[in-house]
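work14.cif follows (mmCIF, C-alpha atoms):
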data_input
#
loop_
_atom_site.label_atom_id
_atom_site.label_comp_id
_atom_site.auth_asym_id
_atom_site.auth_seq_id
_atom_site.Cartn_x
_atom_site.Cartn_y
_atom_site.Cartn_z
CA MET I 1 32.08 22.46 -0.71
CA ASN I 2 29.95 24.70 1.52
CA CYS I 3 27.03 23.81 3.82
CA GLU I 4 24.46 24.25 1.05
CA GLY I 5 26.43 21.87 -1.15
CA VAL I 6 26.47 19.26 1.62
CA ILE I 7 22.70 19.39 1.99
CA HIS I 8 22.26 19.19 -1.77
CA GLU I 9 24.47 16.08 -1.96
CA LEU I 10 23.26 14.57 1.31
CA SER I 11 21.16 11.74 -0.14
CA ASP I 12 23.77 10.66 -2.67
CA PHE I 13 26.42 10.73 0.07
CA ILE I 14 24.33 8.59 2.41
CA ASP I 15 23.45 6.18 -0.41
CA GLY I 16 27.11 5.89 -1.45
CA GLU I 17 26.36 7.33 -4.87
CA LEU I 18 28.76 10.27 -4.86
CA ASP I 19 31.82 10.23 -7.07
CA THR I 20 35.14 9.98 -5.24
CA ALA I 21 36.11 13.65 -5.60
CA SER I 22 32.77 14.97 -4.30
CA LYS I 23 32.80 12.45 -1.47
CA GLN I 24 36.26 13.60 -0.37
CA GLU I 25 35.20 17.24 -0.56
CA LEU I 26 32.10 16.56 1.50
CA GLU I 27 34.03 14.57 4.09
CA SER I 28 36.58 17.37 4.41
CA HIS I 29 33.75 19.82 5.05
CA LEU I 30 32.28 17.53 7.73
CA LYS I 31 35.59 17.55 9.60
CA GLU I 32 35.35 21.32 9.89
CA CYS I 33 31.60 21.85 10.25
CA SER I 34 29.91 20.35 13.30
CA ASP I 35 26.43 21.51 12.17
CA CYS I 36 26.63 19.63 8.87
CA LYS I 37 28.08 16.58 10.63
CA LEU I 38 25.12 16.64 13.02
CA VAL I 39 22.63 16.79 10.13
CA VAL I 40 24.36 13.97 8.23
CA ASP I 41 24.54 11.74 11.33
CA GLN I 42 20.94 12.42 12.35
CA THR I 43 19.63 11.85 8.83
CA LYS I 44 21.43 8.49 8.74
CA LYS I 45 19.95 7.66 12.15
CA THR I 46 16.48 8.66 10.93
CA ILE I 47 16.67 6.20 8.03
CA GLU I 48 18.10 3.50 10.29
CA LEU I 49 15.27 3.87 12.81
CA PHE I 50 12.60 3.47 10.14
CA CYS I 51 14.46 0.57 8.52
CA ASP I 52 14.90 -1.28 11.81
CA SER I 53 11.35 -0.75 13.00
CA GLU I 54 9.51 -4.06 12.95
CA PRO I 55 5.95 -3.89 11.62
CA VAL I 56 3.26 -4.56 14.20
CA GLU I 57 1.45 -7.86 14.22
CA LEU I 58 -1.46 -7.84 11.79
CA PRO I 59 -4.70 -7.39 13.77
CA GLY I 60 -6.36 -10.80 14.14
CA GLU I 61 -9.55 -9.84 12.36
CA VAL I 62 -7.62 -8.31 9.45
CA ARG I 63 -5.54 -11.45 9.09
CA ASN I 64 -8.60 -13.70 9.25
CA ARG I 65 -10.42 -11.64 6.61
CA LEU I 66 -7.36 -11.71 4.37
CA HIS I 67 -6.89 -15.45 4.55
CA GLU I 68 -10.59 -16.25 4.25
CA THR I 69 -10.93 -14.01 1.20
CA LEU I 70 -7.84 -15.45 -0.45
CA ARG I 71 -9.10 -19.00 0.09
CA ARG I 72 -12.52 -18.12 -1.32
CA LYS I 73 -11.22 -16.24 -4.34
CA LEU I 74 -8.65 -18.81 -5.25
CA LYS I 75 -11.25 -21.52 -4.97
CA GLU I 76 -13.65 -19.54 -7.18
CA ALA I 77 -10.90 -19.04 -9.72
CA THR I 78 -10.49 -22.76 -10.18
CA GLN I 79 -14.18 -23.59 -10.52
CA MET R 80 10.20 -28.28 5.18
CA LEU R 81 8.67 -24.89 4.64
CA CYS R 82 5.68 -24.89 6.98
CA ALA R 83 6.20 -25.72 10.60
CA ASN R 84 2.92 -25.27 12.47
CA VAL R 85 0.06 -26.83 10.67
CA LYS R 86 -3.67 -27.00 10.39
CA THR R 87 -5.88 -28.76 7.93
CA GLU R 88 -7.44 -26.19 5.60
CA THR R 89 -5.58 -24.72 2.66
CA PHE R 90 -6.01 -21.91 0.14
CA GLY R 91 -5.99 -24.67 -2.38
CA ALA R 92 -9.17 -26.44 -1.38
CA GLY R 93 -10.43 -27.28 -4.84
CA LEU R 94 -7.08 -26.55 -6.40
CA ASN R 95 -4.67 -29.11 -7.69
CA CYS R 96 -2.25 -28.63 -4.87
CA SER R 97 -0.21 -30.71 -2.53
CA PRO R 98 -1.76 -31.94 0.70
CA ARG R 99 0.68 -29.83 2.63
CA THR R 100 -1.01 -28.05 5.46
CA LEU R 101 -0.97 -24.48 6.60
CA LEU R 102 0.37 -22.30 9.32
CA SER R 103 -2.17 -21.89 12.04
CA THR R 104 -0.61 -18.74 13.40
CA PRO R 105 1.23 -15.91 11.73
CA ASN R 106 4.82 -16.90 11.27
CA PRO R 107 6.67 -13.65 10.89
CA HIS R 108 10.10 -13.93 9.40
CA ARG R 109 12.52 -11.10 9.44
CA LEU R 110 12.89 -10.10 5.82
CA ALA R 111 16.54 -9.30 6.08
CA SER R 112 17.26 -12.84 7.17
CA LYS R 113 19.47 -14.70 4.72
CA VAL R 114 17.43 -17.84 5.28
CA ALA R 115 14.21 -16.01 4.35
CA ARG R 116 15.81 -14.80 1.14
CA GLU R 117 17.06 -18.24 0.22
CA ASP R 118 13.88 -20.21 0.75
CA GLU R 119 11.72 -17.50 -0.82
CA HIS R 120 12.88 -18.81 -4.20
CA GLN R 121 11.73 -22.34 -3.32
CA LEU R 122 8.38 -21.09 -2.03
CA VAL R 123 7.76 -19.08 -5.17
CA ALA R 124 8.65 -22.05 -7.39
CA ALA R 125 6.26 -24.26 -5.41
CA ALA R 126 3.48 -21.64 -5.54
CA LYS R 127 3.98 -21.27 -9.29
CA SER R 128 3.41 -24.98 -9.72
CA GLY R 129 0.08 -24.71 -7.90
CA ASP R 130 1.10 -25.36 -4.31
CA ALA R 131 -1.36 -23.12 -2.48
CA ALA R 132 0.22 -23.89 0.88
CA ALA R 133 3.48 -22.45 -0.36
CA PHE R 134 1.65 -19.33 -1.48
CA GLU R 135 -0.01 -19.02 1.90
CA GLU R 136 3.39 -19.26 3.53
CA LEU R 137 4.50 -16.32 1.40
CA VAL R 138 1.38 -14.42 2.45
CA SER R 139 1.99 -15.19 6.12
CA ARG R 140 5.58 -14.13 5.79
CA TYR R 141 4.90 -10.76 4.19
CA GLU R 142 1.39 -9.76 5.30
CA ARG R 143 2.61 -7.54 8.15
CA LYS R 144 5.09 -5.71 5.96
CA ILE R 145 2.62 -5.33 3.11
CA PHE R 146 -0.04 -4.01 5.48
CA ARG R 147 2.46 -1.51 6.91
CA LEU R 148 3.29 -0.45 3.34
CA THR R 149 -0.35 0.02 2.29
CA MET R 150 -1.10 1.83 5.58
CA ASN R 151 1.89 4.10 5.08
CA ILE R 152 0.67 5.04 1.62
CA THR R 153 -3.08 5.34 2.16
CA ARG R 154 -3.19 6.30 5.88
CA ASN R 155 -6.64 4.70 5.84
CA ARG R 156 -7.19 1.30 7.39
CA GLU R 157 -10.01 0.16 5.11
CA ASP R 158 -8.11 1.15 1.97
CA ALA R 159 -4.94 -0.41 3.33
CA GLU R 160 -6.67 -3.71 3.96
CA ASP R 161 -8.30 -3.76 0.52
CA ALA R 162 -5.03 -2.86 -1.17
CA MET R 163 -3.18 -5.60 0.69
CA GLN R 164 -5.80 -8.18 -0.21
CA ASP R 165 -5.87 -7.24 -3.88
CA ALA R 166 -2.08 -7.17 -4.00
CA PHE R 167 -1.87 -10.77 -2.80
CA LEU R 168 -4.63 -11.85 -5.18
CA LYS R 169 -2.94 -10.15 -8.13
CA SER R 170 0.42 -11.57 -7.22
CA TYR R 171 -1.10 -15.07 -7.22
CA SER R 172 -2.90 -14.63 -10.50
CA HIS R 173 0.20 -13.16 -12.18
CA LEU R 174 2.71 -15.45 -10.53
CA LYS R 175 3.45 -17.24 -13.79
CA THR R 176 4.66 -13.96 -15.27
CA PHE R 177 7.11 -13.41 -12.43
CA GLN R 178 10.49 -14.12 -13.99
CA GLY R 179 12.61 -13.90 -10.86
CA ASP R 180 14.63 -10.92 -12.13
CA SER R 181 14.05 -9.27 -8.76
CA ARG R 182 13.14 -10.73 -5.41
CA PHE R 183 9.53 -11.89 -5.08
CA TYR R 184 9.10 -9.46 -2.19
CA THR R 185 10.26 -6.52 -4.33
CA TRP R 186 7.79 -7.55 -7.03
CA LEU R 187 5.04 -7.83 -4.42
CA VAL R 188 5.88 -4.40 -2.99
CA ARG R 189 5.45 -2.85 -6.43
CA ILE R 190 2.05 -4.47 -6.87
CA ALA R 191 0.94 -3.43 -3.36
CA ALA R 192 2.23 0.13 -3.80
CA ASN R 193 0.25 0.40 -7.01
CA GLU R 194 -2.92 -0.88 -5.34
CA ALA R 195 -2.48 1.52 -2.42
CA LEU R 196 -1.75 4.48 -4.70
CA MET R 197 -4.89 3.81 -6.74
CA ARG R 198 -6.95 4.00 -3.56
CA LEU R 199 -5.17 7.11 -2.31
CA ARG R 200 -5.80 8.87 -5.61
CA LYS R 201 -9.43 7.82 -5.59
CA ARG R 202 -10.01 9.11 -2.07
CA ARG R 203 -7.82 12.19 -2.39
CA PRO R 204 -7.37 12.97 -6.09
CA ASN R 205 -4.65 15.60 -5.70
CA GLN R 206 -2.64 13.97 -2.97
CA PHE R 207 0.09 12.40 -5.06
CA SER R 208 1.65 14.24 -7.92
CA LEU R 209 3.07 12.65 -11.04
CA ASP R 210 4.80 15.87 -11.92
CA GLU R 211 8.50 16.26 -12.24
CA PRO R 212 10.82 17.14 -9.35
CA ILE R 213 9.32 19.29 -6.67
CA GLU R 214 12.18 21.74 -6.48
CA GLY R 215 10.14 24.58 -5.09
CA ASP R 216 11.54 27.66 -3.47
CA GLU R 217 11.71 26.16 -0.03
CA ASP R 218 14.96 26.48 1.79
CA LEU R 219 16.38 23.05 2.48
CA MET R 220 18.91 24.24 5.04
CA PRO R 221 18.12 22.55 8.36
CA ARG R 222 17.25 24.91 11.20
CA GLU R 223 16.82 22.55 14.13
CA LEU R 224 20.29 21.51 15.22
CA GLN R 225 20.15 19.94 18.65
CA ASP R 226 22.13 17.00 19.90
CA TRP R 227 20.12 13.76 20.15
CA GLY R 228 22.56 12.25 22.60
CA PRO R 229 23.63 8.64 22.40
CA GLY R 230 21.11 6.24 20.87
CA PRO R 231 17.56 7.62 20.97
CA GLU R 232 16.36 4.03 20.49
CA GLN R 233 17.67 3.26 23.97
CA ARG R 234 15.63 6.08 25.53
CA PHE R 235 12.27 4.92 24.20
CA ALA R 236 10.46 1.60 24.57
CA GLN R 237 9.83 -0.21 21.28
CA THR R 238 6.10 0.59 21.32
CA GLU R 239 6.75 4.23 22.09
CA MET R 240 9.34 4.46 19.32
CA ARG R 241 6.92 2.86 16.87
CA GLU R 242 4.28 5.46 17.76
CA ILE R 243 6.75 8.29 17.29
CA LEU R 244 7.83 6.98 13.88
CA SER R 245 4.23 6.39 12.79
CA GLY R 246 3.25 9.87 13.93
CA VAL R 247 6.03 11.72 12.13
CA ILE R 248 5.66 9.82 8.89
CA GLU R 249 1.93 10.52 8.89
CA GLU R 250 2.66 14.26 9.03
CA LEU R 251 4.70 14.06 5.84
CA GLU R 252 3.05 15.11 2.57
CA PRO R 253 2.16 12.04 0.43
CA ASP R 254 4.56 13.06 -2.36
CA TYR R 255 7.45 12.75 0.06
CA ARG R 256 6.07 10.00 2.29
CA ILE R 257 5.50 7.49 -0.51
CA VAL R 258 8.96 7.90 -1.99
CA PHE R 259 10.55 7.56 1.46
CA VAL R 260 8.52 4.42 2.20
CA LEU R 261 9.51 2.72 -1.04
CA ARG R 262 13.16 3.78 -1.03
CA ASP R 263 14.15 3.70 2.61
CA ILE R 264 11.73 1.31 4.29
CA GLU R 265 11.07 -1.16 1.47
CA GLU R 266 14.53 -0.64 0.03
CA LEU R 267 13.50 -0.40 -3.60
CA SER R 268 16.16 1.12 -5.84
CA THR R 269 15.75 4.63 -7.19
CA GLU R 270 14.91 3.14 -10.59
CA GLU R 271 12.35 0.70 -9.16
CA THR R 272 10.73 3.49 -7.16
CA ALA R 273 10.54 5.72 -10.21
CA ALA R 274 9.00 2.92 -12.29
CA SER R 275 6.50 2.00 -9.55
CA LEU R 276 5.30 5.57 -9.16
CA GLY R 277 5.52 6.65 -12.78
CA ILE R 278 7.80 9.56 -11.97
CA SER R 279 11.32 10.39 -13.13
CA ILE R 280 14.53 9.46 -11.33
CA PRO R 281 15.32 13.15 -10.55
CA ALA R 282 11.82 13.42 -9.04
CA VAL R 283 12.49 10.41 -6.80
CA LYS R 284 15.82 11.88 -5.67
CA SER R 285 14.39 15.31 -5.04
CA ARG R 286 11.45 13.98 -3.02
CA LEU R 287 13.62 11.55 -1.09
CA LEU R 288 16.04 14.27 0.00
CA ARG R 289 13.18 16.45 1.22
CA ALA R 290 11.48 13.52 2.96
CA ARG R 291 14.67 12.59 4.82
CA LEU R 292 15.34 16.17 5.91
CA LYS R 293 11.76 16.73 7.03
CA LEU R 294 11.65 13.50 9.01
CA ARG R 295 14.94 14.33 10.72
CA GLU R 296 13.55 17.68 11.72
CA LYS R 297 10.30 16.16 13.00
CA LEU R 298 12.19 13.54 15.02
CA ASN R 299 14.27 16.32 16.51
CA ARG R 300 11.21 17.33 18.54
CA TYR R 301 11.32 14.00 20.34
CA PHE R 302 15.00 13.20 20.44
CA GLN R 303 16.70 16.46 21.33
CA GLN R 304 18.34 16.18 24.71
CA GLY R 305 16.08 17.71 27.35
CA GLY R 306 13.32 18.05 24.73
CA ALA R 307 9.68 17.01 24.69
CA ASN R 308 10.40 13.58 26.14
#
Give the structure from this file in C-alpha cells form.
Amino acid sequence: MNCEGVIHELSDFIDGELDTASKQELESHLKECSDCKLVVDQTKKTIELFCDSEPVELPGEVRNRLHETLRRKLKEATQ
Amino acid sequence: MLCANVKTETFGAGLNCSPRTLLSTPNPHRLASKVAREDEHQLVAAAKSGDAAAFEELVSRYERKIFRLTMNITRNREDAEDAMQDAFLKSYSHLKTFQGDSRFYTWLVRIAANEALMRLRKRRPNQFSLDEPIEGDEDLMPRELQDWGPGPEQRFAQTEMREILSGVIEELEPDYRIVFVLRDIEELSTEETAASLGISIPAVKSRLLRARLKLREKLNRYFQQGGAN
C-alpha cells in the first residue's frame, strides 16, 4: 500500500472497518512512513478532541424559552 | 429517584401526570456515562406513560447537546433554537412510536438533525447537497505535516480549545460539516447518518473522510509546534 492508498482507507482504518489483510498492509506502511503515521495520529486526535469537547451550558434565556414553550405547548395539546 | 433538585411547576400542568416535581437548574449528565444510558430507558418509559416530569428530565439532560447539534448544522442561533424546540416537541408527540430499537438520544438526534437541516435549506437553499458522493478532482493528500507535540489539549485552556474547535468546524462546508457532526460528534452509525440525511452510504463515507482531513489541516494552524499559538 502506498501513501495515497493510506489516505483513501484512512476513515475505514480509524473506524476499525478494514479487512484484516488491508489493515496489516496499512500498518506495515505506517511503520515505514512517518508522514502517513503523523496524518493518521493527528486525524485520530482531531476526532477525539471534538468527541471529548463538552457542550457549553445553554444560555439562560434560551433554556427558559425552551422550557416555557414546551410547558405551554404540551398543556395546549391536552386541552 | 430520577429528579434530584426540585421545584413545583411541571410540563404536565393540565396533563395526567405524576406529581413529581422538576429540576430547577440544568442537570447536565455526561452522555457517555453508563448510568445515564441505563436510566434513560426508565425515563423514556415513564414519559411514554404521560409522566411529564420524566420528559423534562430528558430535555434537561440533552438540551445542551441538542443545541450544540442544531448550532453546528445551522450556524444560526435563531434557527438552532427553533430547531431544538421543535425537535423536543416532536419527540414528545411521537414518543409512543419510539420502539426502543436505538437509544432515545440517537432517535432524538435524528429528529433534531432533520429540523436543523430543514432550516438550513430554507435559509440557504444550496448549502447541503443530496447528491451522491462528492468525489471531485481535489487532491486528498495532506500537505501540512507539522508535529503537534504532546497533547494539544494540555496547551490550551478548555474555553480556548472550545473556541478553536467551534471556529474550525464553522469553516467547513455544510456537506462535510453535517456528516462529521452526526458521525463523529453524535456517534451515529454510517447507516443512521445516511438515513438521516437521505444520502447514500458511499456519500457519507466520502464526505466524512474529507471532513476529517480538512479539520486536521485546519487544526494544524493552531497546534503545530511553534505555530500561531
*asked:* Here's the selection I'm unsure about, the PyMOL selection byres ((chain I) within 7 of (chain R)); applied to the file above, which residues does it give, as a PyMOL selection string?
replied: chain I and resi 4+7+11+35+42-43+46-47+50-51+53+55-58+66+70-71+74-75+78
Resulting file, chosen residues, C-alpha atoms, as a PDB file, in the coordinates of the input:
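Output file selection.pdb is given in full below:
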ATOM      1  CA  GLU I   4      24.460  24.250   1.050  1.00  0.00           C
ATOM      2  CA  ILE I   7      22.700  19.390   1.990  1.00  0.00           C
ATOM      3  CA  SER I  11      21.160  11.740  -0.140  1.00  0.00           C
ATOM      4  CA  ASP I  35      26.430  21.510  12.170  1.00  0.00           C
ATOM      5  CA  GLN I  42      20.940  12.420  12.350  1.00  0.00           C
ATOM      6  CA  THR I  43      19.630  11.850   8.830  1.00  0.00           C
ATOM      7  CA  THR I  46      16.480   8.660  10.930  1.00  0.00           C
ATOM      8  CA  ILE I  47      16.670   6.200   8.030  1.00  0.00           C
ATOM      9  CA  PHE I  50      12.600   3.470  10.140  1.00  0.00           C
ATOM     10  CA  CYS I  51      14.460   0.570   8.520  1.00  0.00           C
ATOM     11  CA  SER I  53      11.350  -0.750  13.000  1.00  0.00           C
ATOM     12  CA  PRO I  55       5.950  -3.890  11.620  1.00  0.00           C
ATOM     13  CA  VAL I  56       3.260  -4.560  14.200  1.00  0.00           C
ATOM     14  CA  GLU I  57       1.450  -7.860  14.220  1.00  0.00           C
ATOM     15  CA  LEU I  58      -1.460  -7.840  11.790  1.00  0.00           C
ATOM     16  CA  LEU I  66      -7.360 -11.710   4.370  1.00  0.00           C
ATOM     17  CA  LEU I  70      -7.840 -15.450  -0.450  1.00  0.00           C
ATOM     18  CA  ARG I  71      -9.100 -19.000   0.090  1.00  0.00           C
ATOM     19  CA  LEU I  74      -8.650 -18.810  -5.250  1.00  0.00           C
ATOM     20  CA  LYS I  75     -11.250 -21.520  -4.970  1.00  0.00           C
ATOM     21  CA  THR I  78     -10.490 -22.760 -10.180  1.00  0.00           C
TER      22      THR I  78
END
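Taken over the shown file, the PyMOL selection byres ((chain R and resi 123) around 8) identifies Glu119, His120, Gln121, Leu122, Ala124, Ala125, Ala126, Lys127, Ala133, Phe134, Leu137 and Phe183 of chain R.
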*Evaluating the PyMOL selection byres ((chain R and resi 250-253) around 10) on the displayed file yields which residues, as a list in words?*
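Applied to this file, the PyMOL selection byres ((chain R and resi 250-253) around 10) returns Asn151, Ile152, Thr153, Arg154, Leu196, Leu199, Asn205, Gln206, Phe207, Ser208, Ser245, Gly246, Val247, Ile248, Glu249, Asp254, Tyr255, Arg256, Ile257, Val258, Phe259, Arg289, Ala290, Lys293, Leu294 and Lys297 of chain R.
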